[in-house]
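Structure first, then comments.
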Amino acid sequence: MEHNLTILLQLFERAALLLMCLFVLTRLPRFKEIFVKGAYAPQDLVIVTVIFSLFAIFGTYSGIKVDGSLVNVRIIAIMAGGILFGPWVGLITGIISGVHRFLIDIGGVTSVPCLITSVTAGIVSSVIYRRTTADRRWIAGILAGMGCEALTMLLILVMADPSSLGVDIVSKIAFPMIVGQISVGLIVMLVQSVEGEKERIAAKQSKLALDIANKTLPYFRNINPQSLRTICGIIKEDIGADAVAITDTRFIRAYVGVGEEYYTETNEIISEETKKTLRDGEITIRDDDTEYMNRAIRSLIIIPLKEKGEVTGALKIYYTKAHKITYSLQAMAVGLSQMISTLMEVSRVEGIKEMANKAELKALQTSINPHFLFNALNAISSLIRINPDKARELIINLSGYMRYNLELTDEFIDIRRELQQVQQYVEIEKARFGSRLAVEYDIDEVEVRIPSLIIQPLVENAIVHGILKVKGPGTVTISVKDRGETVRIGIADTGAGIAQETMEKVYSGNMPDNKIGLYNVQQRVKLIYGKGLIIHRLDKGTEIYFDVTKEKR
């Protein structure tokens with residue numbers, strides 16, 4: 001009995017060494033990241049399988065020789081690996097260590113039994129992983145480990161030749177080998193204690209995300225390139241990133257940190273990783289990327305920003321060192337992206353209200369604009385004697401136009417009513433400019449509601465800044481085309497063509513506040529539909545259009 005206790009203590013020493021190695025690994029960031037994950041990537045499983053296979057093989061080599069047998073911790077390593085990380089780790093570790101045990105002692109009295117029970121331990125640990133709750137796995141591991149070692153003893157008794165040798169070996173090693181399986185439970189509880197840190201990490205990262213949200217909240221009240229840069233700067237500073245960016249679905253809205261020089265000339269999204277995230281709505285992670293367009297960047301995480309289930313942009317976090325995308329960073333980044341999405345949506349709603357108020361103010365200003373009234377009345381007076389019918393028609397158009405503006409609210413209206421107001425405006429302008437202005441309509445019959453006063457400013461812009469800027473006659477084309485789930489509203493003219501500088505200012509949001517014509521429409525369309533105006537400079541003139549999503553009935 002004293003001999004058995006001595007072997008048991010020696011076995012616990014080796015198990016303690018195994019525990020110490022695992023403890024050290026759980027403190028290393030790269031391995032700790034694997035231990036706290038809820039779902040394992042293939043590369044994670046490969047790393048863990050290698051670790052536990054090495055532990056099992058080391059357990060064999062460090063075994064205590066007793067009459068041709070080895071008292072070792074191999075089964076402990078196999079059981080622990082399978083219970084903690086699943087079937088692939090348990091089965092592969094069992095097969096590798098079992099075959100190794102057989103090959104180093106071919107023909108030995110315990111080599112075949114050890115091979116069989118090693119594979120059996122891998123299978124049993126896999127079943128425990130699948131069928132047992134996490135809080136009961138430690139005790140299940142102890143019992144299963146004891147069962148596997150008991151099987152080993154039984155196989156030695158059956159297969160030993162002579163049988164007396166088997167009885168002698170079992171009498172000396174059965175007690176320490178079976179009792180030693182208590183170490184399985186200790187290893188499982190050790191690693192599970194690391195897994196328990198996930199909740200603490202999540203709580204810590206949630207607090208960090210809330211702190212960042214509180215710091216950035218004032219800058220979401222008026223979203224523009226400068227405020228977004230400030231937001232990116234706050235995020236970069238608080239999480240220790242090397243660069244942070246925020247995008248919409250087409251452009252980099254703000255970029256701060258390493259690689260900023262890439263976006264001094266163009267802000268168009270060019271990385272395939274970002275395009276993939278925007279297209280699929282899934283998080284993209286590169287933890288050791290040597291092929292990224294900016295060679296200084298080694299780690300990145302791109303999280304989609306969503307509003308009402310639709311991807312509206314992305315939050316991008318970059319590091320110049322590899323393996324920086326830890327579980328804690330992912331948890332924080334996901335929470336932060338959700339908060340940013342909510343804050344941007346709130347800001348969008350507030351922006352809609354503000355721009356609607358500006359639009360209403362603009363409409364009221366137009367309705368009492370003395371120059372507009374003077375020009376319209378002057379055109380009518382000149383027609384009273386020579387063409388009374390035409391003068392009467394213009395009076396009706398003017399009164400309808402004025403009534404529409406006076407009754408204007410920030411509610412959505414049927415597109416036919418908006419087009420009626422546009423037509424009234426056009427008839428007044430055609431009376432003023434005569435043959436210099438022609439207007440064509442390409443209108444499909446559609447059922448859709450749009451914001452009020454959103455087409456007329458585009459038509460006015462086409463006439464005033466397009467047709468009237470060149471000599472000779474010009475044509476404005478107003479189109480409403482049914483495109484299935486959307487309706488495309490477009491205004492094209494054959495005038496002077498929009499300047500590139502003006503186009504960039506409209507897109508970037510840098511137009512002065514007192515110029516709320518084209519810019520006003522751009523902001524309202526972007527706030528309401530997520531995408532702004534599409535502006536093209538033609539060979540002769542300008543084309544502007546935007547898409548309206550049909551209402552689902």
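For the structure tokens, the naming scheme is as follows: chains receive sequential letters (A, B, ...) according to their order of presentation, residues are indexed from 1 within each chain, and ligands are indexed from 1 in presentation order.
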
Please build the interface table for region 70-112 of chain A against region 20-28 of chain A with a cut-off of 12 Å, listing for each qualifying residue the nearest atom pair and the distance in Å to one decimal; count only C-alpha atoms, order rows by chain and increasing number, and write it as a tab-separated table.
```
residue	atom	partner	partner_atom	distance
A:Ala77	CA	A:Leu22	CA	10.7
A:Ala80	CA	A:Leu22	CA	11.0
A:Gly81	CA	A:Leu22	CA	11.1
```

Export of the given selection (all heavy atoms) as a compact mmCIF listing (two decimals), in the first residue's frame:
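Below is the file result.txt, written as the result:
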```txt
# COMPACT_ATOMS: atom_id res chain seq x y z
N ALA A 77 -4.63 14.11 -19.90
CA ALA A 77 -4.52 15.12 -20.96
C ALA A 77 -5.58 14.91 -22.04
O ALA A 77 -6.19 15.87 -22.53
CB ALA A 77 -3.12 15.08 -21.57
N ALA A 80 -9.13 15.84 -20.60
CA ALA A 80 -9.26 17.28 -20.39
C ALA A 80 -9.42 18.00 -21.73
O ALA A 80 -10.27 18.89 -21.88
CB ALA A 80 -8.05 17.82 -19.63
N GLY A 81 -8.61 17.63 -22.72
CA GLY A 81 -8.69 18.28 -24.04
C GLY A 81 -10.04 18.10 -24.69
O GLY A 81 -10.64 19.04 -25.20
```

Residues at most 9 Å from region 466-472 of chain A, counting only C-alpha atoms, excluding those fewer than 4 positions away in the same chain, as a PyMOL selection string? chain A and resi 435-437+461-462+476+493-498+541-542

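If you measure from each of A:Gly180, A:Gly400, A:Leu115, A:Val422 to Pro457 (chain A) using only C-alpha atoms, the closest one turns out to be A:Val422.
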
Which of these, A:Ile478, A:Ala140, A:Leu208, A:Leu394, has the shortest distance to Asp442 (chain A) once you count only C-alpha atoms?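 When distances to Asp442 (chain A) are compared using only C-alpha atoms, the smallest one comes from A:Ile478.
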
Output as a Markdown table one row per residue of region 162-257 of chain A within 7 Å of region 304-313 of chain A: the closest atom pair and its distance in Å to one decimal place, counting only C-alpha atoms, sorted by chain and residue number ascending.
```
| residue | atom | partner | partner_atom | distance |
| --- | --- | --- | --- | --- |
| A:Thr247 | CA | A:Gly313 | CA | 5.0 |
| A:Asp248 | CA | A:Gly313 | CA | 3.8 |
| A:Thr249 | CA | A:Gly313 | CA | 5.0 |
```

Set the distance at 12 Å and use only C-alpha atoms: which residues neighbour Leu70 (chain A) once local chain neighbours fewer than 4 positions away are removed? I'd like the list as number ranges by chain. A: 7, 11, 59-66, 74-75, 101-102, 104-105, 108-111, 113-114, 152, 169-170, 172-174, 176-177

Pick from A:Val548, A:Met344, A:Ile239, A:Leu157: nearest to Lys531 (chain A), with only C-alpha atoms counted?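 Answer, going by the shortest atom-to-atom distance: A:Val548.
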
If you measure from CA of Thr132 (chain A) to CA of Thr120 (chain A), what distance in Å do you get, rounded to one decimal? 17.5 Å

Considering only strand (DSSP E or B) as DSSP defines it on the backbone, what residues of region 383-526 of chain A qualify? List them as JSON, numbers by chain. {"A": [412, 413, 414, 437, 438, 439, 440, 441, 442, 443, 449, 450, 451, 474, 475, 476, 477, 478, 479, 480, 481, 482, 486, 487, 488, 489, 490, 491, 492, 493]}

Go ahead and dump the residues you just picked, N, CA and C atoms, as a JSON list (two decimals), in the first residue's frame.
```json
[["chain", "number", "residue", "atom", "x", "y", "z"],
["A", 412, "PHE", "N", -44.86, 63.36, -45.84],
["A", 412, "PHE", "CA", -44.66, 62.83, -47.18],
["A", 412, "PHE", "C", -45.97, 63.00, -47.98],
["A", 413, "ILE", "N", -45.81, 63.25, -49.25],
["A", 413, "ILE", "CA", -46.98, 63.48, -50.10],
["A", 413, "ILE", "C", -46.89, 62.57, -51.32],
["A", 414, "ASP", "N", -48.01, 62.40, -51.99],
["A", 414, "ASP", "CA", -48.04, 61.61, -53.21],
["A", 414, "ASP", "C", -47.21, 62.31, -54.28],
["A", 437, "LEU", "N", -36.28, 78.09, -73.02],
["A", 437, "LEU", "CA", -36.48, 76.99, -72.08],
["A", 437, "LEU", "C", -37.52, 76.01, -72.62],
["A", 438, "ALA", "N", -37.11, 74.76, -72.73],
["A", 438, "ALA", "CA", -38.03, 73.67, -73.05],
["A", 438, "ALA", "C", -37.95, 72.63, -71.94],
["A", 439, "VAL", "N", -39.10, 72.07, -71.59],
["A", 439, "VAL", "CA", -39.15, 71.08, -70.51],
["A", 439, "VAL", "C", -39.85, 69.83, -71.04],
["A", 440, "GLU", "N", -39.21, 68.69, -70.86],
["A", 440, "GLU", "CA", -39.77, 67.41, -71.28],
["A", 440, "GLU", "C", -40.04, 66.54, -70.05],
["A", 441, "TYR", "N", -41.11, 65.74, -70.13],
["A", 441, "TYR", "CA", -41.50, 64.87, -69.01],
["A", 441, "TYR", "C", -41.44, 63.41, -69.48],
["A", 442, "ASP", "N", -40.82, 62.57, -68.66],
["A", 442, "ASP", "CA", -40.76, 61.13, -68.92],
["A", 442, "ASP", "C", -41.22, 60.43, -67.63],
["A", 443, "ILE", "N", -42.54, 60.34, -67.47],
["A", 443, "ILE", "CA", -43.12, 59.95, -66.19],
["A", 443, "ILE", "C", -43.82, 58.59, -66.30],
["A", 449, "ARG", "N", -44.84, 57.81, -52.20],
["A", 449, "ARG", "CA", -44.91, 59.07, -51.48],
["A", 449, "ARG", "C", -43.49, 59.55, -51.22],
["A", 450, "ILE", "N", -43.29, 60.86, -51.39],
["A", 450, "ILE", "CA", -41.96, 61.43, -51.25],
["A", 450, "ILE", "C", -42.03, 62.68, -50.37],
["A", 451, "PRO", "N", -40.89, 63.15, -49.87],
["A", 451, "PRO", "CA", -40.88, 64.40, -49.10],
["A", 451, "PRO", "C", -41.31, 65.57, -49.99],
["A", 474, "GLY", "N", -32.31, 75.71, -74.28],
["A", 474, "GLY", "CA", -31.89, 74.52, -73.53],
["A", 474, "GLY", "C", -33.10, 73.71, -73.10],
["A", 475, "THR", "N", -32.86, 72.48, -72.74],
["A", 475, "THR", "CA", -33.95, 71.57, -72.38],
["A", 475, "THR", "C", -33.70, 70.97, -70.99],
["A", 476, "VAL", "N", -34.76, 70.94, -70.20],
["A", 476, "VAL", "CA", -34.73, 70.25, -68.91],
["A", 476, "VAL", "C", -35.64, 69.03, -69.02],
["A", 477, "THR", "N", -35.13, 67.87, -68.64],
["A", 477, "THR", "CA", -35.92, 66.64, -68.69],
["A", 477, "THR", "C", -36.19, 66.16, -67.26],
["A", 478, "ILE", "N", -37.47, 65.99, -66.96],
["A", 478, "ILE", "CA", -37.90, 65.50, -65.65],
["A", 478, "ILE", "C", -38.39, 64.07, -65.83],
["A", 479, "SER", "N", -37.76, 63.11, -65.11],
["A", 479, "SER", "CA", -38.13, 61.70, -65.31],
["A", 479, "SER", "C", -38.47, 61.05, -63.97],
["A", 480, "VAL", "N", -39.47, 60.17, -64.04],
["A", 480, "VAL", "CA", -39.84, 59.33, -62.90],
["A", 480, "VAL", "C", -39.98, 57.91, -63.46],
["A", 481, "LYS", "N", -39.05, 57.03, -63.13],
["A", 481, "LYS", "CA", -39.01, 55.71, -63.76],
["A", 481, "LYS", "C", -39.19, 54.60, -62.72],
["A", 482, "ASP", "N", -40.07, 53.67, -63.04],
["A", 482, "ASP", "CA", -40.35, 52.52, -62.18],
["A", 482, "ASP", "C", -39.24, 51.49, -62.37],
["A", 486, "THR", "N", -37.86, 50.08, -56.46],
["A", 486, "THR", "CA", -37.56, 51.50, -56.26],
["A", 486, "THR", "C", -38.10, 52.33, -57.43],
["A", 487, "VAL", "N", -38.17, 53.62, -57.19],
["A", 487, "VAL", "CA", -38.54, 54.58, -58.23],
["A", 487, "VAL", "C", -37.39, 55.58, -58.36],
["A", 488, "ARG", "N", -36.89, 55.77, -59.57],
["A", 488, "ARG", "CA", -35.78, 56.70, -59.79],
["A", 488, "ARG", "C", -36.33, 58.04, -60.31],
["A", 489, "ILE", "N", -36.02, 59.08, -59.57],
["A", 489, "ILE", "CA", -36.44, 60.43, -59.92],
["A", 489, "ILE", "C", -35.21, 61.18, -60.42],
["A", 490, "GLY", "N", -35.28, 61.69, -61.64],
["A", 490, "GLY", "CA", -34.11, 62.34, -62.24],
["A", 490, "GLY", "C", -34.42, 63.66, -62.90],
["A", 491, "ILE", "N", -33.44, 64.55, -62.88],
["A", 491, "ILE", "CA", -33.51, 65.85, -63.55],
["A", 491, "ILE", "C", -32.25, 65.99, -64.39],
["A", 492, "ALA", "N", -32.41, 66.21, -65.68],
["A", 492, "ALA", "CA", -31.25, 66.40, -66.57],
["A", 492, "ALA", "C", -31.45, 67.69, -67.36],
["A", 493, "ASP", "N", -30.34, 68.37, -67.62],
["A", 493, "ASP", "CA", -30.44, 69.61, -68.42],
["A", 493, "ASP", "C", -29.31, 69.65, -69.43]]
```

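Among A:Thr117, A:Gln205, A:Ser183, A:Thr284, the residue with the shortest atom-to-atom distance to Leu143 (chain A), counting only C-alpha atoms, is A:Ser183.
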
Shell around Leu398 (chain A) at 8 Å using only C-alpha atoms, local window under 2 positions removed, as a ChimeraX atom specification: /A:376,394-396,400-402,424-425,428

Residues within 10 Å of region 271-275 of chain A, only C-alpha atoms, excluding chain neighbours under 4 positions, as a ChimeraX atom specification: /A:247,249-250,279-281,283-286,292-294,300-304,313-316

One decimal place gives the CA of Asp135 (chain A)-CA of Leu9 (chain A) separation as 27.7 Å

Tell me which of A:Val112, A:Val188, A:Val119, A:Met79 sits closest to Ser97 (chain A), counting only C-alpha atoms.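 Between A:Val112, A:Val188, A:Val119, A:Met79, the residue approaching Ser97 (chain A) most closely is A:Val119.
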
Pick out the residues sitting within 8 Å of region 243-245 of chain A, and hand them over as a PyMOL selection string; count only C-alpha atoms, and ignore anything fewer than 4 positions along from it in its own chain. chain A and resi 232-233+235-236+252-259+315-319

Expected file: the selected residues, all heavy atoms, as a CSV table (one decimal), in the first residue's frame:
```csv
chain,number,residue,atom,x,y,z
A,232,CYS,N,-13.8,59.6,-34.3
A,232,CYS,CA,-12.8,58.6,-34.5
A,232,CYS,C,-11.6,58.8,-33.6
A,232,CYS,O,-11.0,57.8,-33.2
A,232,CYS,CB,-12.3,58.6,-36.0
A,232,CYS,SG,-13.6,58.0,-37.2
A,233,GLY,N,-11.2,60.0,-33.4
A,233,GLY,CA,-10.1,60.3,-32.5
A,233,GLY,C,-10.3,59.9,-31.1
A,233,GLY,O,-9.4,59.3,-30.5
A,235,ILE,N,-12.4,57.4,-30.1
A,235,ILE,CA,-12.3,56.0,-30.1
A,235,ILE,C,-10.9,55.4,-30.2
A,235,ILE,O,-10.5,54.6,-29.4
A,235,ILE,CB,-13.1,55.4,-31.3
A,235,ILE,CG1,-14.6,55.8,-31.2
A,235,ILE,CG2,-13.0,53.9,-31.4
A,235,ILE,CD1,-15.5,55.4,-32.4
A,236,LYS,N,-10.1,56.0,-31.1
A,236,LYS,CA,-8.7,55.6,-31.2
A,236,LYS,C,-7.9,55.8,-29.9
A,236,LYS,O,-7.2,54.9,-29.5
A,236,LYS,CB,-8.0,56.5,-32.3
A,236,LYS,CG,-6.5,56.2,-32.5
A,236,LYS,CD,-6.0,57.1,-33.6
A,236,LYS,CE,-4.5,57.0,-33.7
A,236,LYS,NZ,-3.8,57.6,-32.5
A,252,ILE,N,-15.4,56.9,-47.3
A,252,ILE,CA,-14.8,57.1,-46.0
A,252,ILE,C,-15.2,58.4,-45.5
A,252,ILE,O,-14.8,59.4,-46.0
A,252,ILE,CB,-13.2,57.0,-46.1
A,252,ILE,CG1,-12.8,55.7,-46.7
A,252,ILE,CG2,-12.7,57.1,-44.7
A,252,ILE,CD1,-13.0,54.5,-45.9
A,253,ARG,N,-16.0,58.4,-44.4
A,253,ARG,CA,-16.5,59.7,-43.9
A,253,ARG,C,-15.5,60.3,-43.0
A,253,ARG,O,-15.4,61.6,-42.9
A,253,ARG,CB,-17.8,59.4,-43.1
A,253,ARG,CG,-19.0,58.9,-43.9
A,253,ARG,CD,-19.5,59.9,-44.9
A,253,ARG,NE,-19.9,61.1,-44.2
A,253,ARG,CZ,-21.1,61.3,-43.6
A,253,ARG,NH1,-22.0,60.3,-43.5
A,253,ARG,NH2,-21.4,62.4,-43.1
A,254,ALA,N,-14.7,59.5,-42.3
A,254,ALA,CA,-13.6,60.1,-41.4
A,254,ALA,C,-12.6,59.0,-41.2
A,254,ALA,O,-12.9,57.8,-41.1
A,254,ALA,CB,-14.2,60.5,-40.1
A,255,TYR,N,-11.3,59.4,-41.2
A,255,TYR,CA,-10.2,58.4,-40.9
A,255,TYR,C,-9.1,59.2,-40.1
A,255,TYR,O,-8.7,60.3,-40.5
A,255,TYR,CB,-9.6,58.0,-42.3
A,255,TYR,CG,-8.6,56.8,-42.2
A,255,TYR,CD1,-8.9,55.6,-42.6
A,255,TYR,CD2,-7.3,57.0,-41.6
A,255,TYR,CE1,-8.0,54.5,-42.5
A,255,TYR,CE2,-6.4,56.0,-41.5
A,255,TYR,CZ,-6.8,54.7,-41.9
A,255,TYR,OH,-5.9,53.7,-41.8
A,256,VAL,N,-8.7,58.5,-39.0
A,256,VAL,CA,-7.8,59.2,-38.1
A,256,VAL,C,-6.7,58.1,-37.7
A,256,VAL,O,-7.1,57.0,-37.3
A,256,VAL,CB,-8.4,59.7,-36.8
A,256,VAL,CG1,-7.4,60.2,-35.8
A,256,VAL,CG2,-9.4,60.8,-37.1
A,257,GLY,N,-5.4,58.5,-37.9
A,257,GLY,CA,-4.4,57.6,-37.5
A,257,GLY,C,-3.5,57.1,-38.6
A,257,GLY,O,-3.4,57.8,-39.7
A,258,VAL,N,-2.8,56.0,-38.4
A,258,VAL,CA,-1.8,55.5,-39.4
A,258,VAL,C,-2.5,55.2,-40.7
A,258,VAL,O,-3.6,54.6,-40.7
A,258,VAL,CB,-1.2,54.2,-38.9
A,258,VAL,CG1,-0.3,53.5,-39.9
A,258,VAL,CG2,-0.4,54.4,-37.6
A,259,GLY,N,-1.9,55.7,-41.8
A,259,GLY,CA,-2.5,55.5,-43.1
A,259,GLY,C,-3.5,56.6,-43.5
A,259,GLY,O,-4.1,56.5,-44.6
A,315,LEU,N,-17.6,50.6,-39.0
A,315,LEU,CA,-16.6,51.1,-38.1
A,315,LEU,C,-15.4,50.3,-38.3
A,315,LEU,O,-15.5,49.0,-38.3
A,315,LEU,CB,-17.1,51.0,-36.7
A,315,LEU,CG,-16.1,51.3,-35.6
A,315,LEU,CD1,-15.7,52.7,-35.6
A,315,LEU,CD2,-16.7,50.9,-34.2
A,316,LYS,N,-14.2,50.9,-38.6
A,316,LYS,CA,-13.0,50.2,-38.9
A,316,LYS,C,-11.9,50.5,-37.8
A,316,LYS,O,-11.7,51.7,-37.6
A,316,LYS,CB,-12.5,50.5,-40.3
A,316,LYS,CG,-13.6,50.4,-41.3
A,316,LYS,CD,-13.0,50.2,-42.7
A,316,LYS,CE,-12.3,51.4,-43.2
A,316,LYS,NZ,-11.8,51.2,-44.6
A,317,ILE,N,-11.3,49.5,-37.2
A,317,ILE,CA,-10.3,49.7,-36.2
A,317,ILE,C,-9.0,48.9,-36.7
A,317,ILE,O,-9.1,47.8,-37.1
A,317,ILE,CB,-10.8,49.1,-34.9
A,317,ILE,CG1,-12.0,49.8,-34.4
A,317,ILE,CG2,-9.6,49.2,-33.8
A,317,ILE,CD1,-12.7,49.2,-33.2
A,318,TYR,N,-7.9,49.7,-36.7
A,318,TYR,CA,-6.6,49.1,-37.2
A,318,TYR,C,-5.5,49.1,-36.2
A,318,TYR,O,-5.5,50.0,-35.3
A,318,TYR,CB,-6.2,50.0,-38.4
A,318,TYR,CG,-7.1,50.1,-39.6
A,318,TYR,CD1,-7.9,51.2,-39.8
A,318,TYR,CD2,-7.1,49.0,-40.5
A,318,TYR,CE1,-8.8,51.3,-40.9
A,318,TYR,CE2,-8.0,49.1,-41.6
A,318,TYR,CZ,-8.8,50.2,-41.8
A,318,TYR,OH,-9.7,50.3,-42.8
A,319,TYR,N,-4.6,48.1,-36.3
A,319,TYR,CA,-3.4,48.1,-35.5
A,319,TYR,C,-2.2,47.8,-36.4
A,319,TYR,O,-2.3,47.1,-37.4
A,319,TYR,CB,-3.6,47.0,-34.4
A,319,TYR,CG,-4.6,47.3,-33.3
A,319,TYR,CD1,-5.9,46.9,-33.5
A,319,TYR,CD2,-4.2,48.0,-32.2
A,319,TYR,CE1,-6.8,47.2,-32.5
A,319,TYR,CE2,-5.1,48.3,-31.2
A,319,TYR,CZ,-6.4,47.9,-31.4
A,319,TYR,OH,-7.4,48.2,-30.4
```

For Ile223 (chain A), find every residue with an atom within 12 Å (counting only C-alpha atoms), except residues of its own chain fewer than 2 positions away, and show them as a ChimeraX atom specification. /A:216-221,225-231,246,253-254,340,343-351,508-510,523,527

Using only N, CA, C and O atoms, please write the residues we just selected to a file, as a compact mmCIF listing (two decimals), in the first residue's frame.
```txt
# COMPACT_ATOMS: atom_id res chain seq x y z
N THR A 216 -18.60 60.81 -27.08
CA THR A 216 -18.87 61.17 -28.48
C THR A 216 -20.27 61.71 -28.71
O THR A 216 -20.55 62.26 -29.78
N LEU A 217 -21.16 61.54 -27.72
CA LEU A 217 -22.56 61.93 -27.90
C LEU A 217 -22.74 63.36 -28.41
O LEU A 217 -23.52 63.59 -29.35
N PRO A 218 -22.04 64.36 -27.86
CA PRO A 218 -22.25 65.73 -28.35
C PRO A 218 -21.94 65.90 -29.84
O PRO A 218 -22.53 66.76 -30.50
N TYR A 219 -21.01 65.08 -30.36
CA TYR A 219 -20.60 65.24 -31.75
C TYR A 219 -21.56 64.58 -32.74
O TYR A 219 -21.48 64.81 -33.94
N PHE A 220 -22.46 63.73 -32.22
CA PHE A 220 -23.47 63.11 -33.09
C PHE A 220 -24.66 64.03 -33.34
O PHE A 220 -25.51 63.71 -34.16
N ARG A 221 -24.74 65.13 -32.61
CA ARG A 221 -25.87 66.03 -32.78
C ARG A 221 -25.81 66.77 -34.11
O ARG A 221 -26.82 67.21 -34.62
N PRO A 225 -17.99 66.00 -41.52
CA PRO A 225 -16.65 65.42 -41.55
C PRO A 225 -15.81 65.72 -40.31
O PRO A 225 -15.11 64.85 -39.80
N GLN A 226 -15.90 66.93 -39.80
CA GLN A 226 -15.09 67.29 -38.64
C GLN A 226 -15.56 66.57 -37.38
O GLN A 226 -14.74 66.08 -36.59
N SER A 227 -16.89 66.50 -37.17
CA SER A 227 -17.39 65.83 -35.97
C SER A 227 -17.07 64.33 -36.03
O SER A 227 -16.73 63.72 -35.01
N LEU A 228 -17.14 63.73 -37.21
CA LEU A 228 -16.81 62.31 -37.34
C LEU A 228 -15.32 62.06 -37.10
O LEU A 228 -14.94 61.03 -36.53
N ARG A 229 -14.47 63.00 -37.52
CA ARG A 229 -13.04 62.88 -37.23
C ARG A 229 -12.80 62.94 -35.72
O ARG A 229 -11.97 62.19 -35.19
N THR A 230 -13.51 63.82 -35.05
CA THR A 230 -13.37 63.91 -33.59
C THR A 230 -13.81 62.61 -32.93
O THR A 230 -13.16 62.11 -32.00
N ILE A 231 -14.92 62.03 -33.41
CA ILE A 231 -15.42 60.76 -32.88
C ILE A 231 -14.38 59.66 -33.08
O ILE A 231 -14.08 58.89 -32.16
N ILE A 246 -14.66 55.66 -39.99
CA ILE A 246 -16.10 55.46 -40.12
C ILE A 246 -16.47 55.70 -41.58
O ILE A 246 -16.03 56.68 -42.18
N ARG A 253 -16.05 58.42 -44.43
CA ARG A 253 -16.53 59.68 -43.87
C ARG A 253 -15.49 60.34 -42.98
O ARG A 253 -15.42 61.57 -42.89
N ALA A 254 -14.67 59.52 -42.30
CA ALA A 254 -13.60 60.06 -41.45
C ALA A 254 -12.57 58.97 -41.22
O ALA A 254 -12.90 57.79 -41.11
N ILE A 340 -23.06 53.37 -31.89
CA ILE A 340 -22.84 54.35 -32.96
C ILE A 340 -24.00 54.31 -33.95
O ILE A 340 -24.50 55.36 -34.38
N LEU A 343 -26.89 56.07 -32.31
CA LEU A 343 -26.68 57.52 -32.24
C LEU A 343 -26.81 58.17 -33.62
O LEU A 343 -27.37 59.26 -33.75
N MET A 344 -26.30 57.48 -34.65
CA MET A 344 -26.40 58.03 -36.00
C MET A 344 -27.85 58.03 -36.48
O MET A 344 -28.28 58.95 -37.18
N GLU A 345 -28.60 57.00 -36.08
CA GLU A 345 -30.01 56.95 -36.47
C GLU A 345 -30.79 58.07 -35.78
O GLU A 345 -31.62 58.74 -36.41
N VAL A 346 -30.50 58.29 -34.49
CA VAL A 346 -31.14 59.40 -33.78
C VAL A 346 -30.76 60.72 -34.42
O VAL A 346 -31.61 61.60 -34.62
N SER A 347 -29.48 60.86 -34.74
CA SER A 347 -29.02 62.09 -35.39
C SER A 347 -29.70 62.27 -36.75
O SER A 347 -30.06 63.39 -37.14
N ARG A 348 -29.90 61.15 -37.46
CA ARG A 348 -30.56 61.22 -38.76
C ARG A 348 -32.00 61.70 -38.61
O ARG A 348 -32.47 62.55 -39.37
N VAL A 349 -32.70 61.18 -37.60
CA VAL A 349 -34.08 61.61 -37.36
C VAL A 349 -34.13 63.10 -37.02
O VAL A 349 -34.97 63.85 -37.54
N GLU A 350 -33.20 63.52 -36.16
CA GLU A 350 -33.16 64.94 -35.80
C GLU A 350 -32.81 65.79 -37.02
O GLU A 350 -33.34 66.88 -37.21
N GLY A 351 -31.90 65.24 -37.84
CA GLY A 351 -31.53 65.97 -39.05
C GLY A 351 -32.68 66.11 -40.02
O GLY A 351 -32.85 67.15 -40.67
N SER A 508 -19.57 66.27 -49.79
CA SER A 508 -18.84 66.30 -48.52
C SER A 508 -19.59 67.02 -47.41
O SER A 508 -19.27 66.89 -46.24
N GLY A 509 -20.63 67.79 -47.77
CA GLY A 509 -21.39 68.51 -46.76
C GLY A 509 -20.74 69.81 -46.34
O GLY A 509 -21.00 70.30 -45.23
N ASN A 510 -19.91 70.39 -47.20
CA ASN A 510 -19.21 71.63 -46.86
C ASN A 510 -19.84 72.88 -47.49
O ASN A 510 -19.22 73.93 -47.54
N GLN A 523 -29.03 66.62 -48.59
CA GLN A 523 -29.06 66.23 -47.19
C GLN A 523 -30.37 65.51 -46.84
O GLN A 523 -30.36 64.51 -46.13
N LEU A 527 -30.55 61.69 -45.60
CA LEU A 527 -31.07 61.41 -44.27
C LEU A 527 -32.25 60.44 -44.31
O LEU A 527 -32.39 59.58 -43.46
```
